[in-house]
file final.cif (mmCIF, C-alpha atoms)
data_target
#
loop_
_atom_site.label_atom_id
_atom_site.label_comp_id
_atom_site.auth_asym_id
_atom_site.auth_seq_id
_atom_site.Cartn_x
_atom_site.Cartn_y
_atom_site.Cartn_z
CA MET A 1 14.48 24.21 39.23
CA ASP A 2 10.73 23.58 39.38
CA LYS A 3 9.88 20.35 37.56
CA ASP A 4 7.20 22.23 35.60
CA PHE A 5 9.83 24.54 34.07
CA LEU A 6 12.70 23.75 31.73
CA SER A 7 15.90 25.55 30.79
CA ILE A 8 16.26 27.27 27.43
CA GLY A 9 18.47 24.44 26.16
CA LYS A 10 16.02 21.66 27.04
CA THR A 11 13.07 23.69 25.77
CA ALA A 12 14.79 24.27 22.43
CA LYS A 13 15.52 20.54 22.02
CA ILE A 14 11.95 19.52 22.81
CA ILE A 15 10.42 22.02 20.39
CA GLY A 16 13.06 21.29 17.78
CA VAL A 17 14.61 24.75 17.44
CA THR A 18 17.77 26.48 18.68
CA PRO A 19 18.11 28.64 21.82
CA THR A 20 18.74 31.57 19.48
CA THR A 21 15.31 31.02 17.93
CA LEU A 22 13.70 31.05 21.37
CA ARG A 23 15.40 34.36 22.16
CA ARG A 24 14.13 35.77 18.86
CA TRP A 25 10.61 34.56 19.67
CA GLU A 26 10.88 36.29 23.03
CA LYS A 27 11.72 39.61 21.36
CA SER A 28 8.75 39.26 19.00
CA GLY A 29 6.39 38.37 21.84
CA LYS A 30 5.71 34.84 20.62
CA ILE A 31 6.91 33.32 23.87
CA LYS A 32 7.65 34.82 27.28
CA PRO A 33 10.03 32.94 29.57
CA VAL A 34 10.16 33.29 33.33
CA ARG A 35 13.36 34.75 34.75
CA THR A 36 15.02 33.08 37.73
CA PRO A 37 16.62 35.20 40.49
CA THR A 38 19.94 34.76 38.67
CA GLY A 39 18.45 35.96 35.37
CA ARG A 40 18.23 32.58 33.61
CA ARG A 41 15.35 31.97 31.23
CA ILE A 42 13.05 29.06 32.08
CA TYR A 43 9.95 27.95 30.21
CA SER A 44 6.75 26.46 31.56
CA MET A 45 5.45 23.13 30.31
CA GLU A 46 2.21 24.93 29.41
CA GLN A 47 4.12 27.26 27.07
CA ILE A 48 6.00 24.38 25.48
CA GLU A 49 2.83 22.38 24.92
CA SER A 50 1.10 25.41 23.38
CA ILE A 51 3.93 25.94 20.87
CA ILE A 52 3.98 22.26 19.89
CA ASN A 53 0.21 22.23 19.40
CA LYS A 54 0.38 25.23 17.08
CA SER A 55 2.48 23.33 14.59
CA LEU A 56 2.44 19.59 15.10
CA SER A 57 3.96 18.89 11.70
CA ALA A 58 6.96 21.13 12.31
CA SER A 59 7.43 19.93 15.89
CA VAL A 60 7.39 16.23 15.08
CA THR A 61 9.66 16.71 12.06
CA ASN A 62 12.17 18.75 14.02
CA TRP A 63 12.20 16.19 16.83
CA ALA A 64 12.62 13.21 14.51
CA SER A 65 15.31 14.84 12.37
CA ALA A 66 17.44 16.32 15.19
CA GLY A 67 21.01 15.09 15.26
CA HIS A 68 20.81 14.40 18.99
CA GLY A 69 17.72 12.76 20.43
CA VAL A 70 15.86 14.16 23.44
CA GLU A 71 12.69 12.87 25.09
CA PRO A 72 9.60 14.77 23.86
CA GLU A 73 7.51 16.81 26.28
CA ARG A 74 5.84 14.28 28.56
CA ASN A 75 2.30 14.84 27.27
CA PHE A 76 3.48 13.81 23.80
CA TYR A 77 5.87 11.01 24.75
CA CYS A 78 5.06 7.30 24.79
CA PRO A 79 8.24 5.63 26.12
CA ASN A 80 6.76 2.16 25.85
CA SER A 81 3.89 0.26 24.26
CA ALA A 82 1.72 0.29 27.38
CA VAL A 83 1.68 4.10 27.49
CA PHE A 84 0.98 4.23 23.77
CA GLN A 85 -1.97 1.83 24.06
CA TYR A 86 -3.48 3.93 26.84
CA ARG A 87 -3.13 7.14 24.83
CA LEU A 88 -4.54 5.42 21.75
CA THR A 89 -7.64 4.64 23.81
CA VAL A 90 -7.84 8.28 24.87
CA LEU A 91 -7.59 9.32 21.21
CA GLY A 92 -10.56 7.06 20.40
CA ASP A 93 -12.60 8.64 23.19
CA ASP A 94 -11.68 12.15 22.05
CA LEU A 95 -12.63 11.33 18.45
CA ASP A 96 -15.99 10.08 19.72
CA LYS A 97 -16.57 13.30 21.67
CA SER A 98 -15.69 15.38 18.61
CA GLY A 99 -18.44 13.72 16.59
CA ILE A 100 -16.36 11.50 14.30
CA SER A 101 -18.43 8.55 13.05
CA LEU A 102 -17.77 5.11 14.52
CA ASN A 103 -16.53 3.71 11.22
CA LYS A 104 -14.10 6.57 10.60
CA ARG A 105 -12.72 6.73 14.12
CA SER A 106 -12.22 2.95 14.07
CA LEU A 107 -10.12 3.32 10.93
CA ILE A 108 -8.21 6.30 12.33
CA THR A 109 -7.31 4.51 15.56
CA ALA A 110 -6.43 1.35 13.60
CA VAL A 111 -4.02 3.31 11.40
CA VAL A 112 -2.45 5.09 14.37
CA GLY A 113 -2.25 1.80 16.26
CA GLU A 114 -0.57 0.00 13.37
CA ILE A 115 2.06 2.70 12.87
CA GLY A 116 2.75 3.00 16.59
CA ASN A 117 2.92 -0.75 17.20
CA ASN A 118 5.36 -1.08 14.29
CA SER A 119 7.69 1.31 16.07
CA TYR A 120 7.83 -0.84 19.19
CA ASP A 121 7.82 -4.21 17.43
CA HIS A 122 10.60 -3.34 14.97
CA ASN A 123 12.90 -1.45 17.33
CA LEU A 124 12.62 -3.45 20.53
CA GLY A 125 16.06 -3.52 22.13
CA ASN A 126 17.60 -1.61 19.19
CA TRP A 127 16.65 2.03 19.70
CA PRO A 128 19.57 4.22 18.49
CA ASP A 129 18.94 6.86 21.18
CA VAL A 130 15.47 7.81 22.47
CA PRO A 131 13.11 4.81 22.81
CA GLY A 132 9.40 5.11 22.17
CA ILE A 133 7.45 7.57 20.05
CA PHE A 134 6.31 11.16 19.75
CA PHE A 135 2.50 11.02 19.60
CA ALA A 136 0.31 14.12 19.55
CA TYR A 137 -2.91 15.28 17.95
CA ASP A 138 -5.03 18.37 17.42
CA LEU A 139 -8.66 17.50 16.83
CA GLU A 140 -9.59 21.07 15.89
CA LYS A 141 -7.17 20.87 12.97
CA ARG A 142 -7.94 17.14 12.55
CA GLU A 143 -4.26 16.28 12.57
CA ILE A 144 -2.27 13.48 14.21
CA ALA A 145 1.53 13.44 14.36
CA MET A 146 3.74 10.45 15.17
CA ALA A 147 7.43 9.71 14.92
CA ASP A 148 10.14 7.46 16.26
CA ARG A 149 13.92 7.67 16.25
CA GLY A 150 14.29 3.99 15.44
CA GLN A 151 16.18 2.04 12.81
CA GLY A 152 13.95 2.97 9.89
CA ILE A 153 12.20 0.79 7.34
CA LEU A 154 15.23 -0.14 5.23
CA LYS A 155 17.13 -1.79 8.08
CA THR A 156 13.95 -3.43 9.36
CA LEU A 157 12.99 -4.97 6.01
CA ARG A 158 16.51 -6.06 5.13
CA SER A 159 16.36 -8.45 8.07
CA VAL A 160 13.76 -10.45 6.11
CA LYS A 161 14.53 -9.26 2.55
CA PRO A 162 18.34 -8.77 2.33
CA ALA A 163 18.19 -7.98 -1.39
CA ILE A 164 16.40 -4.65 -0.92
CA LYS A 165 18.60 -2.02 -2.59
CA ASN A 166 17.70 1.26 -0.89
CA GLU A 167 15.24 3.21 1.26
CA LYS A 168 13.07 4.15 -1.71
CA GLN A 169 12.50 0.51 -2.61
CA ALA A 170 12.01 -0.44 1.04
CA LEU A 171 9.33 2.22 1.54
CA LYS A 172 7.42 1.11 -1.54
CA ILE A 173 7.59 -2.56 -0.51
CA ALA A 174 6.38 -1.75 3.00
CA PHE A 175 3.18 -0.18 1.65
CA THR A 176 2.46 -2.70 -1.12
CA GLU A 177 3.62 -6.19 -0.13
CA ILE A 178 2.76 -8.71 2.55
CA ILE A 179 6.09 -9.30 4.23
CA SER A 180 5.23 -11.53 7.18
CA GLY A 181 2.68 -14.03 8.31
CA ARG A 182 1.55 -12.02 11.30
CA ALA A 183 -2.11 -12.62 12.12
CA PRO A 184 -4.77 -11.60 11.50
CA GLU A 185 -4.18 -11.73 7.75
CA ASN A 186 -7.55 -10.16 6.94
CA ARG A 187 -6.17 -6.87 8.25
CA GLY A 188 -3.65 -6.86 5.48
CA ASN A 189 -0.10 -6.51 6.71
CA GLY A 190 1.43 -3.58 8.53
CA LEU A 191 1.73 -0.53 6.32
CA LYS A 192 -0.13 -2.25 3.51
CA PHE A 193 -3.12 -2.24 5.85
CA VAL A 194 -2.46 1.42 6.66
CA LYS A 195 -2.61 2.31 2.96
CA GLU A 196 -5.96 0.56 2.53
CA ALA A 197 -7.45 2.14 5.65
CA VAL A 198 -6.28 5.65 4.71
CA VAL A 199 -7.95 5.36 1.32
CA ALA A 200 -11.12 3.83 2.77
CA ALA A 201 -11.53 6.57 5.39
CA GLY A 202 -10.62 9.47 3.11
CA MET A 203 -7.61 10.45 5.21
CA ASP A 204 -4.36 12.07 4.10
CA LEU A 205 -1.09 10.47 5.15
CA TYR A 206 2.47 11.77 4.92
CA PHE A 207 4.96 9.04 5.77
CA GLN A 208 8.73 9.40 5.81
CA THR A 209 11.71 7.21 6.60
CA GLY A 210 15.29 8.23 5.87
CA LYS A 211 15.24 10.83 3.08
CA ASN A 212 12.24 9.34 1.31
CA PHE A 213 8.55 10.01 1.75
CA LEU A 214 5.19 9.30 0.22
CA LYS A 215 1.75 10.85 0.43
CA LEU A 216 -1.49 8.91 0.35
CA SER A 217 -5.13 9.96 0.17
CA LYS A 218 -8.41 8.80 -1.28
CA ARG A 219 -7.57 10.78 -4.42
CA LYS A 220 -3.92 9.68 -4.60
CA ALA A 221 -3.71 6.02 -3.71
CA ASN A 222 -0.77 5.23 -5.97
CA ILE A 223 2.61 4.82 -4.28
CA VAL A 224 4.99 7.55 -5.45
CA VAL A 225 8.16 7.86 -3.35
CA LYS A 226 9.92 11.23 -3.32
CA THR A 227 12.99 12.76 -1.68
CA ALA A 228 12.58 14.82 1.49
CA LYS A 229 14.59 17.86 2.59
CA LYS A 230 15.37 16.51 6.05
CA TYR A 231 16.71 13.10 7.03
CA ILE A 232 14.63 11.02 9.45
CA GLY A 233 16.53 8.11 10.97
CA GLY A 234 13.36 6.34 12.06
CA CYS A 235 9.83 6.92 10.79
CA LEU A 236 7.49 9.90 10.75
CA ALA A 237 3.76 9.96 10.02
CA ILE A 238 1.37 12.90 9.77
CA ILE A 239 -2.29 12.00 9.42
CA LYS A 240 -5.03 14.44 8.47
CA PHE A 241 -8.68 13.51 8.54
#
call {"tool": "encode", "arguments": {"input": "final.cif", "output": "structure tokens"}}
result
Amino acid sequence: MDKDFLSIGKTAKIIGVTPTTLRRWEKSGKIKPVRTPTGRRIYSMEQIESIINKSLSASVTNWASAGHGVEPERNFYCPNSAVFQYRLTVLGDDLDKSGISLNKRSLITAVVGEIGNNSYDHNLGNWPDVPGIFFAYDLEKREIAMADRGQGILKTLRSVKPAIKNEKQALKIAFTEIISGRAPENRGNGLKFVKEAVVAAGMDLYFQTGKNFLKLSKRKANIVVKTAKKYIGGCLAIIKF
């Protein structure tokens, strides 16, 4: 099979739907697979990328919540920190080209960098299935989507704060307390820094771990943790600016 085409099963896993859904989309004209000489459906990487771009939020959520992990489409997959750092630089350049002010794009890339680096730092050597992160953005919609299939915040924080009771408490602590001495301190600490930067730049952030999530914005800076419909084993972040 051509490396630029994937089977219906692999395509469904990457997009985060079932093969049945892809067949339904075919009937409605939403997607048109190529047929092999034996009649098998195969899907081009261009088609897959187009579908993911149309709904980043749904794609990243489906990928992060799937029972069985599969590597994201290569244009959205950062298997290690080096790839992520390169793509973070590309994001900064693209934000510059789109006319985002220096101050705002600095805060956006700082937030994205902090969330992404947390994924690698906190899961190194302990990825449950797929290592690395899903990282994609749509500058026309001003949306950035990130997720990992790591251990999640509760397990991470319990290694330094064993008394944490549950995911809800862990998520609140992560965004409000300094939990390590990692330099530089004037950046705040991890997700606490993310909270401050989101508010300062007027961004909107949806952040989920396990079955708990919170939303932050310039208008809603208070930490209110709620219950999500889908379970995310690692962490998921959707940033709108």
call {"tool": "resolve_selection", "arguments": {"input": "final.cif", "expression": "the PyMOL selection byres ((chain A and resi 68) around 12)", "output": "PyMOL selection string"}}
result
chain A and resi 10+13-14+16+62-67+69-71+128-130+149+232-233
call {"tool": "residues_around", "arguments": {"input": "final.cif", "residues": "A:Gly234", "least_positions_apart": "5", "cutoff": "6 Å", "atoms": "all atoms listed in the file", "output": "list in words"}}
result
Asp148, Arg149, Gly150, Gln151, Gly152 and Thr209 of chain A
call {"tool": "closest_residue", "arguments": {"input": "final.cif", "among": "A:Ser98, A:Ser159, A:Ser81, A:Thr89", "to": "A:Leu124", "atoms": "all atoms listed in the file"}}
result
A:Ser81
call {"tool": "residues_around", "arguments": {"input": "final.cif", "residues": "stretch 213-218 of chain A", "least_positions_apart": "5", "cutoff": "7 Å", "atoms": "only C-alpha atoms", "output": "number ranges by chain"}}
result
A: 198-200, 202-208, 223-228
call {"tool": "write_last_selection", "arguments": {"input": "final.cif", "atoms": "C-alpha atoms", "output": "tab-separated table (two decimals), keeping the file's coordinate frame"}}
result
chain	number	residue	atom	x	y	z
A	198	VAL	CA	-6.28	5.65	4.71
A	199	VAL	CA	-7.95	5.36	1.32
A	200	ALA	CA	-11.12	3.83	2.77
A	202	GLY	CA	-10.62	9.47	3.11
A	203	MET	CA	-7.61	10.45	5.21
A	204	ASP	CA	-4.36	12.07	4.10
A	205	LEU	CA	-1.09	10.47	5.15
A	206	TYR	CA	2.47	11.77	4.92
A	207	PHE	CA	4.96	9.04	5.77
A	208	GLN	CA	8.73	9.40	5.81
A	223	ILE	CA	2.61	4.82	-4.28
A	224	VAL	CA	4.99	7.55	-5.45
A	225	VAL	CA	8.16	7.86	-3.35
A	226	LYS	CA	9.92	11.23	-3.32
A	227	THR	CA	12.99	12.76	-1.68
A	228	ALA	CA	12.58	14.82	1.49
call {"tool": "axis_aligned_box", "arguments": {"input": "final.cif", "around": "stretch 197-209 of chain A", "padding_each_side": "8 Å", "output": "JSON"}}
result
{"center_x": 0.1, "center_y": 7.1, "center_z": 4.0, "size_x": 39.2, "size_y": 25.9, "size_z": 21.3}
call {"tool": "residues_around", "arguments": {"input": "final.cif", "residues": "A:Ala145", "least_positions_apart": "6", "cutoff": "9 Å", "atoms": "only C-alpha atoms", "output": "list in words"}}
result
Leu56, Ser57, Ser59, Val60, Phe134, Phe135, Ala136, Tyr137, Asp138, Leu236, Ala237, Ile238, Ile239 and Lys240 of chain A
call {"tool": "residues_around", "arguments": {"input": "final.cif", "residues": "A:Leu88", "least_positions_apart": "2", "cutoff": "10 Å", "atoms": "all atoms listed in the file", "output": "MDAnalysis selection string"}}
result
chainID A and resid 82:86 90:94 109:110 112:113 116 135
call {"tool": "atom_distance", "arguments": {"input": "final.cif", "atom1": "atom CA of A:Glu167", "atom2": "atom CA of A:Leu154"}}
result
5.2 Å
call {"tool": "resolve_selection", "arguments": {"input": "final.cif", "expression": "the PyMOL selection byres ((chain A and resi 9) around 12)", "output": "PyMOL selection string"}}
result
chain A and resi 5-8+10-23+40-43+70
call {"tool": "write_last_selection", "arguments": {"input": "final.cif", "atoms": "C-alpha atoms", "output": "PDB file, in the frame of the given file"}}
result
ATOM      1  CA  PHE A   5       9.830  24.540  34.070  1.00  0.00           C
ATOM      2  CA  LEU A   6      12.700  23.750  31.730  1.00  0.00           C
ATOM      3  CA  SER A   7      15.900  25.550  30.790  1.00  0.00           C
ATOM      4  CA  ILE A   8      16.260  27.270  27.430  1.00  0.00           C
ATOM      5  CA  LYS A  10      16.020  21.660  27.040  1.00  0.00           C
ATOM      6  CA  THR A  11      13.070  23.690  25.770  1.00  0.00           C
ATOM      7  CA  ALA A  12      14.790  24.270  22.430  1.00  0.00           C
ATOM      8  CA  LYS A  13      15.520  20.540  22.020  1.00  0.00           C
ATOM      9  CA  ILE A  14      11.950  19.520  22.810  1.00  0.00           C
ATOM     10  CA  ILE A  15      10.420  22.020  20.390  1.00  0.00           C
ATOM     11  CA  GLY A  16      13.060  21.290  17.780  1.00  0.00           C
ATOM     12  CA  VAL A  17      14.610  24.750  17.440  1.00  0.00           C
ATOM     13  CA  THR A  18      17.770  26.480  18.680  1.00  0.00           C
ATOM     14  CA  PRO A  19      18.110  28.640  21.820  1.00  0.00           C
ATOM     15  CA  THR A  20      18.740  31.570  19.480  1.00  0.00           C
ATOM     16  CA  THR A  21      15.310  31.020  17.930  1.00  0.00           C
ATOM     17  CA  LEU A  22      13.700  31.050  21.370  1.00  0.00           C
ATOM     18  CA  ARG A  23      15.400  34.360  22.160  1.00  0.00           C
ATOM     19  CA  ARG A  40      18.230  32.580  33.610  1.00  0.00           C
ATOM     20  CA  ARG A  41      15.350  31.970  31.230  1.00  0.00           C
ATOM     21  CA  ILE A  42      13.050  29.060  32.080  1.00  0.00           C
ATOM     22  CA  TYR A  43       9.950  27.950  30.210  1.00  0.00           C
ATOM     23  CA  VAL A  70      15.860  14.160  23.440  1.00  0.00           C
TER      24      VAL A  70
END
call {"tool": "atom_distance", "arguments": {"input": "final.cif", "atom1": "atom CA of A:Ile31", "atom2": "atom CA of A:Tyr231"}}
result
28.1 Å
call {"tool": "residues_near_point", "arguments": {"input": "final.cif", "point": "(9.9, 7.7, 22.6)", "cutoff": "6 Å", "atoms": "all atoms listed in the file", "output": "PyMOL selection string"}}
result
chain A and resi 77-79+130-134
call {"tool": "closest_residue", "arguments": {"input": "final.cif", "among": "A:Asn75, A:Asn118, A:Gln47, A:Ser55", "to": "A:Lys30", "atoms": "only C-alpha atoms"}}
result
A:Gln47
call {"tool": "atom_distance", "arguments": {"input": "final.cif", "atom1": "atom CA of A:Met45", "atom2": "atom CA of A:Leu95"}}
result
24.6 Å
call {"tool": "closest_residue", "arguments": {"input": "final.cif", "among": "A:Ser106, A:Gln169, A:Arg35, A:Arg74", "to": "A:Ile52", "atoms": "only C-alpha atoms"}}
result
A:Arg74
call {"tool": "closest_residue", "arguments": {"input": "final.cif", "among": "A:Lys27, A:Lys97, A:Glu196, A:Pro37", "to": "A:Glu140", "atoms": "only C-alpha atoms"}}
result
A:Lys97
